[in-house]
>>> print(open('structure31.cif').read())   # mmCIF, C-alpha atoms and all ligand atoms
data_coords
loop_
_atom_site.group_PDB
_atom_site.id
_atom_site.type_symbol
_atom_site.label_atom_id
_atom_site.label_comp_id
_atom_site.auth_asym_id
_atom_site.auth_seq_id
_atom_site.Cartn_x
_atom_site.Cartn_y
_atom_site.Cartn_z
ATOM 1 C CA MET A 217 0.000 0.000 0.000
ATOM 2 C CA SER A 218 1.342 3.431 -0.923
ATOM 3 C CA PHE A 219 1.582 6.155 1.686
ATOM 4 C CA THR A 220 -1.413 8.006 0.222
ATOM 5 C CA GLU A 221 -3.429 4.810 0.122
ATOM 6 C CA SER A 222 -2.719 3.938 3.719
ATOM 7 C CA LEU A 223 -3.505 7.477 4.761
ATOM 8 C CA ARG A 224 -6.811 7.302 2.954
ATOM 9 C CA HIS A 225 -7.449 3.962 4.581
ATOM 10 C CA ALA A 226 -6.753 5.371 8.030
ATOM 11 C CA VAL A 227 -9.048 8.335 7.475
ATOM 12 C CA ARG A 228 -11.923 6.178 6.306
ATOM 13 C CA ARG A 229 -12.123 4.542 9.691
ATOM 14 C CA ASP A 230 -15.762 3.553 9.287
ATOM 15 C CA GLN A 231 -14.855 1.268 6.396
ATOM 16 C CA VAL A 232 -12.534 -1.162 8.104
ATOM 17 C CA PHE A 233 -14.894 -3.986 7.177
ATOM 18 C CA ASP A 234 -13.687 -4.661 3.654
ATOM 19 C CA PHE A 235 -16.650 -6.771 2.617
ATOM 20 C CA LEU A 236 -18.933 -3.796 3.196
ATOM 21 C CA ILE A 237 -17.192 -1.507 0.760
ATOM 22 C CA PRO A 238 -19.543 -1.099 -2.180
ATOM 23 C CA ASP A 239 -17.833 -2.292 -5.347
ATOM 24 C CA ALA A 240 -19.728 -0.024 -7.698
ATOM 25 C CA GLY A 241 -22.349 2.687 -7.587
ATOM 26 C CA PRO A 242 -22.038 6.411 -7.139
ATOM 27 C CA ARG A 243 -19.608 7.735 -4.567
ATOM 28 C CA LEU A 244 -20.903 9.997 -1.831
ATOM 29 C CA ASP A 245 -19.118 13.340 -2.033
ATOM 30 C CA LEU A 246 -19.178 15.183 1.292
ATOM 31 C CA SER A 247 -16.500 17.715 0.387
ATOM 32 C CA HIS A 248 -18.864 20.572 1.253
ATOM 33 C CA GLN A 249 -19.912 18.945 4.556
ATOM 34 C CA THR A 250 -23.537 18.804 3.481
ATOM 35 C CA ILE A 251 -25.045 15.350 3.074
ATOM 36 C CA LEU A 252 -28.548 16.284 1.957
ATOM 37 C CA TYR A 253 -29.837 19.126 -0.169
ATOM 38 C CA LEU A 254 -33.582 19.502 -0.637
ATOM 39 C CA GLU A 255 -34.286 22.572 -2.759
ATOM 40 C CA ASP A 256 -37.563 24.132 -3.888
ATOM 41 C CA LEU A 257 -39.378 20.816 -3.539
ATOM 42 C CA THR A 258 -43.077 20.700 -4.274
ATOM 43 C CA VAL A 259 -45.435 17.699 -4.316
ATOM 44 C CA SER A 260 -49.173 17.832 -4.881
ATOM 45 C CA PHE A 261 -51.733 15.145 -4.170
ATOM 46 C CA ASP A 262 -54.944 15.925 -6.025
ATOM 47 C CA GLY A 263 -54.074 19.598 -6.148
ATOM 48 C CA PHE A 264 -53.166 19.766 -2.443
ATOM 49 C CA LYS A 265 -49.546 20.754 -1.862
ATOM 50 C CA ALA A 266 -48.260 18.275 0.746
ATOM 51 C CA ILE A 267 -44.764 19.714 0.179
ATOM 52 C CA ASN A 268 -44.697 23.355 -0.817
ATOM 53 C CA ASN A 269 -41.369 24.860 -1.854
ATOM 54 C CA LEU A 270 -39.388 23.028 0.822
ATOM 55 C CA ASN A 271 -35.724 23.891 1.358
ATOM 56 C CA LEU A 272 -33.778 21.816 3.843
ATOM 57 C CA TYR A 273 -30.078 21.028 4.317
ATOM 58 C CA ILE A 274 -28.533 18.359 6.528
ATOM 59 C CA GLU A 275 -24.855 18.467 7.490
ATOM 60 C CA ALA A 276 -22.575 15.455 7.435
ATOM 61 C CA GLY A 277 -22.637 13.821 10.865
ATOM 62 C CA GLU A 278 -25.432 15.907 12.273
ATOM 63 C CA LEU A 279 -28.416 14.762 14.303
ATOM 64 C CA ARG A 280 -31.481 16.703 13.190
ATOM 65 C CA CYS A 281 -34.950 16.596 14.661
ATOM 66 C CA ILE A 282 -37.948 17.364 12.495
ATOM 67 C CA ILE A 283 -41.177 18.284 14.223
ATOM 68 C CA GLY A 284 -44.480 19.625 12.982
ATOM 69 C CA PRO A 285 -48.199 19.023 13.315
ATOM 70 C CA ASN A 286 -49.947 16.095 11.649
ATOM 71 C CA GLY A 287 -50.121 16.550 7.900
ATOM 72 C CA ALA A 288 -47.146 18.951 7.849
ATOM 73 C CA GLY A 289 -45.446 16.790 5.215
ATOM 74 C CA LYS A 290 -42.829 15.039 7.343
ATOM 75 C CA SER A 291 -43.447 11.536 6.022
ATOM 76 C CA THR A 292 -43.852 12.815 2.468
ATOM 77 C CA MET A 293 -40.451 14.485 2.784
ATOM 78 C CA MET A 294 -38.929 11.126 3.798
ATOM 79 C CA ASP A 295 -40.757 9.484 0.887
ATOM 80 C CA ILE A 296 -39.080 11.908 -1.508
ATOM 81 C CA ILE A 297 -35.620 11.328 -0.037
ATOM 82 C CA THR A 298 -36.001 7.553 -0.310
ATOM 83 C CA GLY A 299 -37.476 7.616 -3.813
ATOM 84 C CA LYS A 300 -40.940 6.398 -2.857
ATOM 85 C CA THR A 301 -42.567 9.643 -3.991
ATOM 86 C CA ARG A 302 -41.391 11.821 -6.873
ATOM 87 C CA PRO A 303 -41.714 15.583 -6.444
ATOM 88 C CA ASP A 304 -43.434 17.726 -9.074
ATOM 89 C CA SER A 305 -40.518 20.130 -8.994
ATOM 90 C CA GLY A 306 -37.333 20.906 -7.095
ATOM 91 C CA SER A 307 -34.172 18.936 -6.475
ATOM 92 C CA ALA A 308 -32.833 16.419 -3.969
ATOM 93 C CA TRP A 309 -29.100 15.692 -3.778
ATOM 94 C CA PHE A 310 -27.217 13.235 -1.587
ATOM 95 C CA GLY A 311 -23.866 14.911 -1.085
ATOM 96 C CA GLN A 312 -22.453 16.928 -3.952
ATOM 97 C CA SER A 313 -22.906 14.473 -6.751
ATOM 98 C CA ILE A 314 -25.764 12.019 -6.247
ATOM 99 C CA ASN A 315 -29.064 13.136 -7.718
ATOM 100 C CA LEU A 316 -31.726 11.249 -5.755
ATOM 101 C CA LEU A 317 -34.470 12.143 -8.201
ATOM 102 C CA ASN A 318 -32.816 9.973 -10.882
ATOM 103 C CA MET A 319 -32.653 6.885 -8.713
ATOM 104 C CA SER A 320 -34.875 3.957 -7.767
ATOM 105 C CA GLU A 321 -35.705 3.204 -4.117
ATOM 106 C CA ALA A 322 -33.293 0.260 -4.188
ATOM 107 C CA ASP A 323 -30.460 2.353 -5.642
ATOM 108 C CA ILE A 324 -31.010 5.054 -3.028
ATOM 109 C CA ALA A 325 -30.831 2.499 -0.229
ATOM 110 C CA GLU A 326 -27.679 1.064 -1.751
ATOM 111 C CA ALA A 327 -26.130 4.518 -2.090
ATOM 112 C CA GLY A 328 -26.339 4.840 1.710
ATOM 113 C CA ILE A 329 -29.733 6.125 2.856
ATOM 114 C CA GLY A 330 -31.490 3.917 5.406
ATOM 115 C CA ARG A 331 -35.028 4.473 6.606
ATOM 116 C CA LYS A 332 -36.690 3.146 9.680
ATOM 117 C CA PHE A 333 -40.456 3.068 9.564
ATOM 118 C CA GLN A 334 -42.638 3.390 12.652
ATOM 119 C CA LYS A 335 -43.646 -0.251 12.870
ATOM 120 C CA PRO A 336 -40.789 -2.656 13.581
ATOM 121 C CA THR A 337 -40.434 -5.357 10.949
ATOM 122 C CA VAL A 338 -38.061 -7.783 12.626
ATOM 123 C CA PHE A 339 -38.401 -11.507 12.006
ATOM 124 C CA GLU A 340 -39.961 -12.794 15.208
ATOM 125 C CA MET A 341 -38.929 -16.425 14.818
ATOM 126 C CA LEU A 342 -35.281 -15.646 14.117
ATOM 127 C CA THR A 343 -32.808 -14.786 16.855
ATOM 128 C CA VAL A 344 -31.546 -11.255 17.329
ATOM 129 C CA PHE A 345 -28.221 -12.339 15.821
ATOM 130 C CA GLN A 346 -29.909 -13.956 12.801
ATOM 131 C CA ASN A 347 -31.962 -10.832 12.178
ATOM 132 C CA LEU A 348 -28.753 -8.837 11.886
ATOM 133 C CA GLU A 349 -27.201 -11.569 9.766
ATOM 134 C CA LEU A 350 -30.151 -11.478 7.394
ATOM 135 C CA ALA A 351 -29.950 -7.690 7.170
ATOM 136 C CA MET A 352 -26.313 -7.986 6.094
ATOM 137 C CA ALA A 353 -26.810 -10.811 3.601
ATOM 138 C CA GLN A 354 -26.891 -10.139 -0.117
ATOM 139 C CA ASP A 355 -29.209 -13.083 -0.584
ATOM 140 C CA LYS A 356 -32.224 -12.329 1.603
ATOM 141 C CA ARG A 357 -33.663 -15.864 1.625
ATOM 142 C CA VAL A 358 -33.555 -17.442 5.063
ATOM 143 C CA LEU A 359 -32.470 -20.791 3.624
ATOM 144 C CA ALA A 360 -29.506 -19.229 1.850
ATOM 145 C CA LEU A 361 -28.626 -17.553 5.105
ATOM 146 C CA LEU A 362 -28.668 -20.800 7.071
ATOM 147 C CA ARG A 363 -26.457 -22.521 4.469
ATOM 148 C CA ALA A 364 -23.888 -19.767 4.214
ATOM 149 C CA SER A 365 -21.179 -19.516 6.822
ATOM 150 C CA LEU A 366 -20.077 -16.208 8.212
ATOM 151 C CA SER A 367 -16.551 -14.929 7.880
ATOM 152 C CA ALA A 368 -14.826 -13.824 11.088
ATOM 153 C CA GLU A 369 -15.059 -10.293 9.818
ATOM 154 C CA GLN A 370 -18.812 -10.517 9.308
ATOM 155 C CA ARG A 371 -19.248 -12.028 12.757
ATOM 156 C CA ASP A 372 -17.267 -9.119 14.233
ATOM 157 C CA TRP A 373 -19.440 -6.647 12.419
ATOM 158 C CA ILE A 374 -22.598 -8.259 13.837
ATOM 159 C CA ASP A 375 -21.071 -8.289 17.337
ATOM 160 C CA HIS A 376 -20.102 -4.644 16.961
ATOM 161 C CA THR A 377 -23.660 -3.752 15.943
ATOM 162 C CA LEU A 378 -25.128 -5.797 18.820
ATOM 163 C CA GLU A 379 -23.017 -3.736 21.191
ATOM 164 C CA THR A 380 -24.081 -0.476 19.584
ATOM 165 C CA ILE A 381 -27.766 -1.276 19.997
ATOM 166 C CA GLY A 382 -27.276 -2.741 23.478
ATOM 167 C CA LEU A 383 -28.566 -6.229 22.675
ATOM 168 C CA SER A 384 -25.377 -8.334 23.002
ATOM 169 C CA GLU A 385 -26.787 -10.326 25.900
ATOM 170 C CA LEU A 386 -29.939 -11.147 23.954
ATOM 171 C CA ALA A 387 -28.160 -12.170 20.730
ATOM 172 C CA GLN A 388 -29.371 -15.781 20.845
ATOM 173 C CA GLU A 389 -32.935 -15.015 21.922
ATOM 174 C CA PRO A 390 -35.722 -15.102 19.374
ATOM 175 C CA ALA A 391 -36.807 -11.593 18.439
ATOM 176 C CA SER A 392 -40.331 -12.480 19.597
ATOM 177 C CA LYS A 393 -39.024 -12.278 23.178
ATOM 178 C CA LEU A 394 -37.907 -8.663 22.851
ATOM 179 C CA SER A 395 -39.828 -5.728 24.316
ATOM 180 C CA HIS A 396 -41.269 -3.164 21.927
ATOM 181 C CA GLY A 397 -38.325 -0.847 22.548
ATOM 182 C CA GLN A 398 -35.773 -3.614 22.030
ATOM 183 C CA LYS A 399 -37.406 -4.496 18.708
ATOM 184 C CA GLN A 400 -37.024 -0.891 17.616
ATOM 185 C CA TRP A 401 -33.315 -0.996 18.492
ATOM 186 C CA LEU A 402 -32.907 -4.273 16.638
ATOM 187 C CA GLU A 403 -34.441 -2.706 13.578
ATOM 188 C CA ILE A 404 -32.053 0.227 13.838
ATOM 189 C CA GLY A 405 -29.271 -2.355 14.085
ATOM 190 C CA MET A 406 -30.555 -4.058 10.935
ATOM 191 C CA LEU A 407 -30.313 -0.752 9.107
ATOM 192 C CA LEU A 408 -26.786 -0.218 10.455
ATOM 193 C CA MET A 409 -25.665 -3.528 8.942
ATOM 194 C CA GLN A 410 -25.820 -1.817 5.543
ATOM 195 C CA GLN A 411 -23.626 1.082 6.707
ATOM 196 C CA PRO A 412 -25.960 3.952 5.792
ATOM 197 C CA LYS A 413 -24.442 7.431 5.749
ATOM 198 C CA LEU A 414 -27.853 8.995 6.293
ATOM 199 C CA LEU A 415 -30.362 7.392 8.618
ATOM 200 C CA LEU A 416 -33.999 8.513 8.556
ATOM 201 C CA VAL A 417 -36.034 7.550 11.596
ATOM 202 C CA ASP A 418 -39.795 8.101 11.772
ATOM 203 C CA GLU A 419 -41.249 8.415 15.300
ATOM 204 C CA PRO A 420 -38.863 6.032 17.046
ATOM 205 C CA VAL A 421 -40.222 6.371 20.590
ATOM 206 C CA ALA A 422 -43.953 5.918 19.995
ATOM 207 C CA GLY A 423 -45.118 3.333 22.532
ATOM 208 C CA MET A 424 -41.819 3.210 24.438
ATOM 209 C CA THR A 425 -41.372 3.382 28.200
ATOM 210 C CA HIS A 426 -39.479 6.361 29.631
ATOM 211 C CA GLN A 427 -36.434 4.206 30.223
ATOM 212 C CA GLU A 428 -36.524 2.970 26.630
ATOM 213 C CA MET A 429 -36.874 6.544 25.430
ATOM 214 C CA ASP A 430 -33.751 7.571 27.333
ATOM 215 C CA ARG A 431 -31.832 4.656 25.865
ATOM 216 C CA THR A 432 -33.058 5.539 22.362
ATOM 217 C CA ALA A 433 -31.921 9.134 22.806
ATOM 218 C CA GLU A 434 -28.468 7.841 23.750
ATOM 219 C CA LEU A 435 -28.406 5.439 20.811
ATOM 220 C CA LEU A 436 -29.380 8.022 18.194
ATOM 221 C CA THR A 437 -26.930 10.527 19.652
ATOM 222 C CA SER A 438 -24.145 7.952 19.457
ATOM 223 C CA LEU A 439 -25.019 7.128 15.837
ATOM 224 C CA ALA A 440 -24.617 10.718 14.679
ATOM 225 C CA GLY A 441 -21.081 11.784 13.851
ATOM 226 C CA GLU A 442 -20.109 8.773 11.821
ATOM 227 C CA ARG A 443 -23.341 9.227 9.873
ATOM 228 C CA SER A 444 -26.145 11.770 9.744
ATOM 229 C CA VAL A 445 -29.393 11.030 11.529
ATOM 230 C CA VAL A 446 -32.741 12.680 10.812
ATOM 231 C CA VAL A 447 -35.430 11.979 13.391
ATOM 232 C CA VAL A 448 -39.099 12.815 12.945
ATOM 233 C CA GLU A 449 -40.746 12.783 16.336
ATOM 234 C CA HIS A 450 -43.871 14.047 18.080
ATOM 235 C CA ASP A 451 -42.741 13.527 21.638
ATOM 236 C CA MET A 452 -41.457 16.918 22.781
ATOM 237 C CA ASP A 453 -39.642 15.630 25.853
ATOM 238 C CA PHE A 454 -37.755 13.233 23.638
ATOM 239 C CA VAL A 455 -36.878 15.908 21.089
ATOM 240 C CA ARG A 456 -35.721 18.157 23.906
ATOM 241 C CA SER A 457 -33.517 15.364 25.245
ATOM 242 C CA ILE A 458 -31.617 14.822 21.986
ATOM 243 C CA ALA A 459 -32.075 17.938 19.941
ATOM 244 C CA ARG A 460 -29.280 19.921 18.437
ATOM 245 C CA THR A 461 -30.974 21.633 15.528
ATOM 246 C CA VAL A 462 -34.731 21.374 15.298
ATOM 247 C CA THR A 463 -36.644 22.033 12.082
ATOM 248 C CA VAL A 464 -40.346 22.779 12.279
ATOM 249 C CA LEU A 465 -42.349 21.814 9.202
ATOM 250 C CA HIS A 466 -45.748 23.339 8.571
ATOM 251 C CA GLN A 467 -47.909 23.050 5.450
ATOM 252 C CA GLY A 468 -45.088 21.421 3.533
ATOM 253 C CA ALA A 469 -42.418 24.048 4.188
ATOM 254 C CA VAL A 470 -39.914 25.015 6.877
ATOM 255 C CA LEU A 471 -41.574 27.296 9.408
ATOM 256 C CA ALA A 472 -38.646 27.664 11.794
ATOM 257 C CA GLU A 473 -35.224 26.191 12.452
ATOM 258 C CA GLY A 474 -32.831 26.503 15.371
ATOM 259 C CA SER A 475 -32.210 25.200 18.861
ATOM 260 C CA MET A 476 -35.145 23.738 20.766
ATOM 261 C CA GLU A 477 -35.238 26.905 22.820
ATOM 262 C CA GLN A 478 -35.275 29.209 19.796
ATOM 263 C CA VAL A 479 -37.951 27.176 18.119
ATOM 264 C CA GLN A 480 -40.100 26.987 21.225
ATOM 265 C CA ASN A 481 -39.997 30.749 21.638
ATOM 266 C CA ASP A 482 -40.904 31.425 18.024
ATOM 267 C CA ALA A 483 -44.345 33.034 17.969
ATOM 268 C CA ARG A 484 -45.368 31.339 14.709
ATOM 269 C CA VAL A 485 -44.345 27.943 16.033
ATOM 270 C CA LYS A 486 -46.303 28.479 19.238
ATOM 271 C CA GLN A 487 -49.301 29.354 17.180
ATOM 272 C CA VAL A 488 -49.308 26.380 14.839
ATOM 273 C CA TYR A 489 -47.779 23.640 16.913
ATOM 274 C CA LEU A 490 -46.602 23.858 20.452
ATOM 275 C CA GLY A 491 -49.624 25.788 21.591
ATOM 276 C CA GLU A 492 -52.152 23.439 20.014
HETATM 277 N N1 LIG A 501 -50.197 9.331 -1.179
HETATM 278 C C1 LIG A 501 -50.943 10.377 -0.790
HETATM 279 N N2 LIG A 501 -52.068 10.698 -1.445
HETATM 280 C C2 LIG A 501 -52.809 11.740 -1.079
HETATM 281 N N3 LIG A 501 -52.519 12.560 -0.052
HETATM 282 C C3 LIG A 501 -51.414 12.297 0.647
HETATM 283 C C4 LIG A 501 -50.558 11.188 0.327
HETATM 284 N N4 LIG A 501 -49.522 11.186 1.202
HETATM 285 C C5 LIG A 501 -49.712 12.227 2.024
HETATM 286 N N5 LIG A 501 -50.840 12.900 1.702
HETATM 287 C C6 LIG A 501 -51.339 14.116 2.351
HETATM 288 O O1 LIG A 501 -50.252 15.018 2.417
HETATM 289 C C7 LIG A 501 -50.229 15.706 3.652
HETATM 290 C C8 LIG A 501 -48.919 15.487 4.360
HETATM 291 O O2 LIG A 501 -48.891 14.162 4.859
HETATM 292 P P1 LIG A 501 -47.655 13.545 5.648
HETATM 293 O O3 LIG A 501 -46.432 13.771 4.874
HETATM 294 O O4 LIG A 501 -48.008 12.146 5.971
HETATM 295 O O5 LIG A 501 -47.634 14.439 6.959
HETATM 296 P P2 LIG A 501 -46.928 14.165 8.379
HETATM 297 O O6 LIG A 501 -46.038 12.977 8.256
HETATM 298 O O7 LIG A 501 -46.210 15.423 8.684
HETATM 299 O O8 LIG A 501 -48.048 13.929 9.350
HETATM 300 C C9 LIG A 501 -51.444 15.224 4.430
HETATM 301 O O9 LIG A 501 -52.498 16.143 4.245
HETATM 302 C C10 LIG A 501 -51.748 13.891 3.788
HETATM 303 O O10 LIG A 501 -53.127 13.601 3.896
HETATM 304 MG MG MG A 502 -45.988 11.126 9.288
#
>>> encode(input="structure31.cif", output="structure tokens", more="lines below")
Ligand SMILES: Nc1ncnc2c1ncn2[C@@H]1O[C@H](COP(=O)(O)OP(=O)(O)O)[C@@H](O)[C@H]1O
Ligand SMILES: [Mg+2]
Amino acid sequence: MSFTESLRHAVRRDQVFDFLIPDAGPRLDLSHQTILYLEDLTVSFDGFKAINNLNLYIEAGELRCIIGPNGAGKSTMMDIITGKTRPDSGSAWFGQSINLLNMSEADIAEAGIGRKFQKPTVFEMLTVFQNLELAMAQDKRVLALLRASLSAEQRDWIDHTLETIGLSELAQEPASKLSHGQKQWLEIGMLLMQQPKLLLVDEPVAGMTHQEMDRTAELLTSLAGERSVVVVEHDMDFVRSIARTVTVLHQGAVLAEGSMEQVQNDARVKQVYLGE
């Protein structure tokens, strides 16, 4: 390895697991420190503008909270980022060079955007470990999974993820035995197996106990830095406990942005959201 190569290798510390390095596909360019650009986005459903000239930027490594009343367009925004919904106009870029509006949902996921939906979709009859194994596998059939043997490196990566999500001790338990909160963490772990650079999380603490909420706040905070995390959440106490920058969406556009304190003291925000 040349000096430059080894330097590059050392800097890309989140890619020590060689088998995870994508062999093709577009490269994420974060040279301007911005991982997501949503500009002048508009989407109409039957003439109703669910997203109305939305402009939003997410920095590399940041943890952003998105709040806003029901129908504000939060889920639709995530649908646009992940390719599920196409906007009528505007642009959506992942880093400097990846145009999300030209890509399929599968290509967007592969390029490094992971999305966690509200309802956990873990496989109840598989163990926690096997769920992570399946999430990592190229071939998603359970039979293929059982036949294949893991490399030491892959095993390490699963163990590392188990530690991150705090489920190491429960690795050999069937997922059906997990609490609601633990299932949510497992699903976050399953997303992490694919090494996303941007993680979108929709209402992660709905139905969680206070203790589980605290643990989730810690988990999401720890995940930022190496990747960017965007959290949509209704629970104000939770948002307060993790928030750095908070963006308030209203009628499909950004109403306010800033620290939780700034946003809470914004008269327009009080009117449409916090005071409701
Ligand atoms: N596929 C769709 N067809 C028609 N209307 C939709 C569709 N998706 C969302 N909407 C409407 O767009 C608005 C924004 O919805 P949504 O993005 O789910 O808001 P939020 O997640 O902030 O509660 C709502 O009025 C909703 O009814
Ligand atoms: Mg929603």
>>> resolve_selection(input="structure31.cif", expression="the PyMOL selection byres (((chain A and resi 346) around 10) and not hetatm)", output="number ranges by chain")
A: 339, 341-345, 347-352, 358, 361-362, 374, 387-391
>>> resolve_selection(input="structure31.cif", expression="the PyMOL selection byres (((chain A and resi 274) around 12) and not hetatm)", output="MDAnalysis selection string")
chainID A and resid 246 248:255 271:273 275:282 297 308:311 413:416 440 443:447 461:463 473
>>> atom_distance(input="structure31.cif", atom1="atom CA of A:Ala368", atom2="atom CA of A:Met406")
18.5 Å
>>> resolve_selection(input="structure31.cif", expression="the PyMOL selection byres (((not hetatm)) within 9 of (chain A and resi 502))", output="PDB file with C-alpha atoms, in the coordinates of the input")
ATOM      1  CA  ASN A 286     -49.947  16.095  11.649  1.00  0.00           C
ATOM      2  CA  GLY A 287     -50.121  16.550   7.900  1.00  0.00           C
ATOM      3  CA  ALA A 288     -47.146  18.951   7.849  1.00  0.00           C
ATOM      4  CA  GLY A 289     -45.446  16.790   5.215  1.00  0.00           C
ATOM      5  CA  LYS A 290     -42.829  15.039   7.343  1.00  0.00           C
ATOM      6  CA  SER A 291     -43.447  11.536   6.022  1.00  0.00           C
ATOM      7  CA  THR A 292     -43.852  12.815   2.468  1.00  0.00           C
ATOM      8  CA  MET A 294     -38.929  11.126   3.798  1.00  0.00           C
ATOM      9  CA  ASP A 418     -39.795   8.101  11.772  1.00  0.00           C
ATOM     10  CA  GLU A 419     -41.249   8.415  15.300  1.00  0.00           C
ATOM     11  CA  VAL A 448     -39.099  12.815  12.945  1.00  0.00           C
ATOM     12  CA  GLU A 449     -40.746  12.783  16.336  1.00  0.00           C
TER      13      GLU A 449
END
>>> residues_near_ligand(input="structure31.cif", ligand="ligand LIG 501 (chain A)", cutoff="12 Å", atoms="all atoms listed in the file", output="ChimeraX atom specification")
/A:258-268,282-296,300-303,333-334,417-419,447-450,464-470,489
>>> atom_distance(input="structure31.cif", atom1="atom CA of A:Gln411", atom2="atom CA of A:Leu244")
12.6 Å
>>> residues_around(input="structure31.cif", residues="A:Leu394", least_positions_apart="6", cutoff="10 Å", atoms="all atoms listed in the file", output="short mmCIF file (atom, residue, chain, number, x, y, z; two decimals) with C-alpha atoms, in the coordinates of the input")
data_model
loop_
_atom_site.label_atom_id
_atom_site.label_comp_id
_atom_site.auth_asym_id
_atom_site.auth_seq_id
_atom_site.Cartn_x
_atom_site.Cartn_y
_atom_site.Cartn_z
CA GLU A 340 -39.96 -12.79 15.21
CA THR A 343 -32.81 -14.79 16.86
CA VAL A 344 -31.55 -11.26 17.33
CA LEU A 383 -28.57 -6.23 22.68
CA LEU A 386 -29.94 -11.15 23.95
CA GLN A 400 -37.02 -0.89 17.62
CA TRP A 401 -33.32 -1.00 18.49
CA LEU A 402 -32.91 -4.27 16.64
#
>>> build_atoms(input="structure31.cif", residues="stretch 373-388 of chain A", atoms="N, CA and C atoms", output="mmCIF file, in the frame of the given file")
data_model
loop_
_atom_site.group_PDB
_atom_site.id
_atom_site.type_symbol
_atom_site.label_atom_id
_atom_site.label_comp_id
_atom_site.auth_asym_id
_atom_site.auth_seq_id
_atom_site.Cartn_x
_atom_site.Cartn_y
_atom_site.Cartn_z
ATOM 1 N N TRP A 373 -18.580 -7.790 12.759
ATOM 2 C CA TRP A 373 -19.440 -6.647 12.419
ATOM 3 C C TRP A 373 -20.811 -6.793 13.088
ATOM 4 N N ILE A 374 -21.327 -8.022 13.141
ATOM 5 C CA ILE A 374 -22.598 -8.259 13.837
ATOM 6 C C ILE A 374 -22.420 -7.996 15.333
ATOM 7 N N ASP A 375 -21.326 -8.502 15.904
ATOM 8 C CA ASP A 375 -21.071 -8.289 17.337
ATOM 9 C C ASP A 375 -20.960 -6.799 17.664
ATOM 10 N N HIS A 376 -20.275 -6.086 16.788
ATOM 11 C CA HIS A 376 -20.102 -4.644 16.961
ATOM 12 C C HIS A 376 -21.469 -3.945 16.965
ATOM 13 N N THR A 377 -22.325 -4.358 16.035
ATOM 14 C CA THR A 377 -23.660 -3.752 15.943
ATOM 15 C C THR A 377 -24.510 -4.116 17.159
ATOM 16 N N LEU A 378 -24.401 -5.377 17.614
ATOM 17 C CA LEU A 378 -25.128 -5.797 18.820
ATOM 18 C C LEU A 378 -24.762 -4.909 20.008
ATOM 19 N N GLU A 379 -23.476 -4.607 20.110
ATOM 20 C CA GLU A 379 -23.017 -3.736 21.191
ATOM 21 C C GLU A 379 -23.605 -2.340 21.059
ATOM 22 N N THR A 380 -23.561 -1.815 19.840
ATOM 23 C CA THR A 380 -24.081 -0.476 19.584
ATOM 24 C C THR A 380 -25.534 -0.360 20.023
ATOM 25 N N ILE A 381 -26.341 -1.359 19.685
ATOM 26 C CA ILE A 381 -27.766 -1.276 19.997
ATOM 27 C C ILE A 381 -28.105 -1.846 21.375
ATOM 28 N N GLY A 382 -27.081 -2.290 22.098
ATOM 29 C CA GLY A 382 -27.276 -2.741 23.478
ATOM 30 C C GLY A 382 -27.991 -4.074 23.602
ATOM 31 N N LEU A 383 -27.857 -4.945 22.618
ATOM 32 C CA LEU A 383 -28.566 -6.229 22.675
ATOM 33 C C LEU A 383 -27.628 -7.439 22.677
ATOM 34 N N SER A 384 -26.343 -7.226 23.023
ATOM 35 C CA SER A 384 -25.377 -8.334 23.002
ATOM 36 C C SER A 384 -25.844 -9.528 23.825
ATOM 37 N N GLU A 385 -26.390 -9.239 25.000
ATOM 38 C CA GLU A 385 -26.787 -10.326 25.900
ATOM 39 C C GLU A 385 -27.980 -11.124 25.370
ATOM 40 N N LEU A 386 -28.728 -10.503 24.461
ATOM 41 C CA LEU A 386 -29.939 -11.147 23.954
ATOM 42 C C LEU A 386 -29.733 -11.710 22.550
ATOM 43 N N ALA A 387 -28.466 -11.794 22.113
ATOM 44 C CA ALA A 387 -28.160 -12.170 20.730
ATOM 45 C C ALA A 387 -28.807 -13.492 20.316
ATOM 46 N N GLN A 388 -28.859 -14.457 21.221
ATOM 47 C CA GLN A 388 -29.371 -15.781 20.845
ATOM 48 C C GLN A 388 -30.844 -15.978 21.172
#
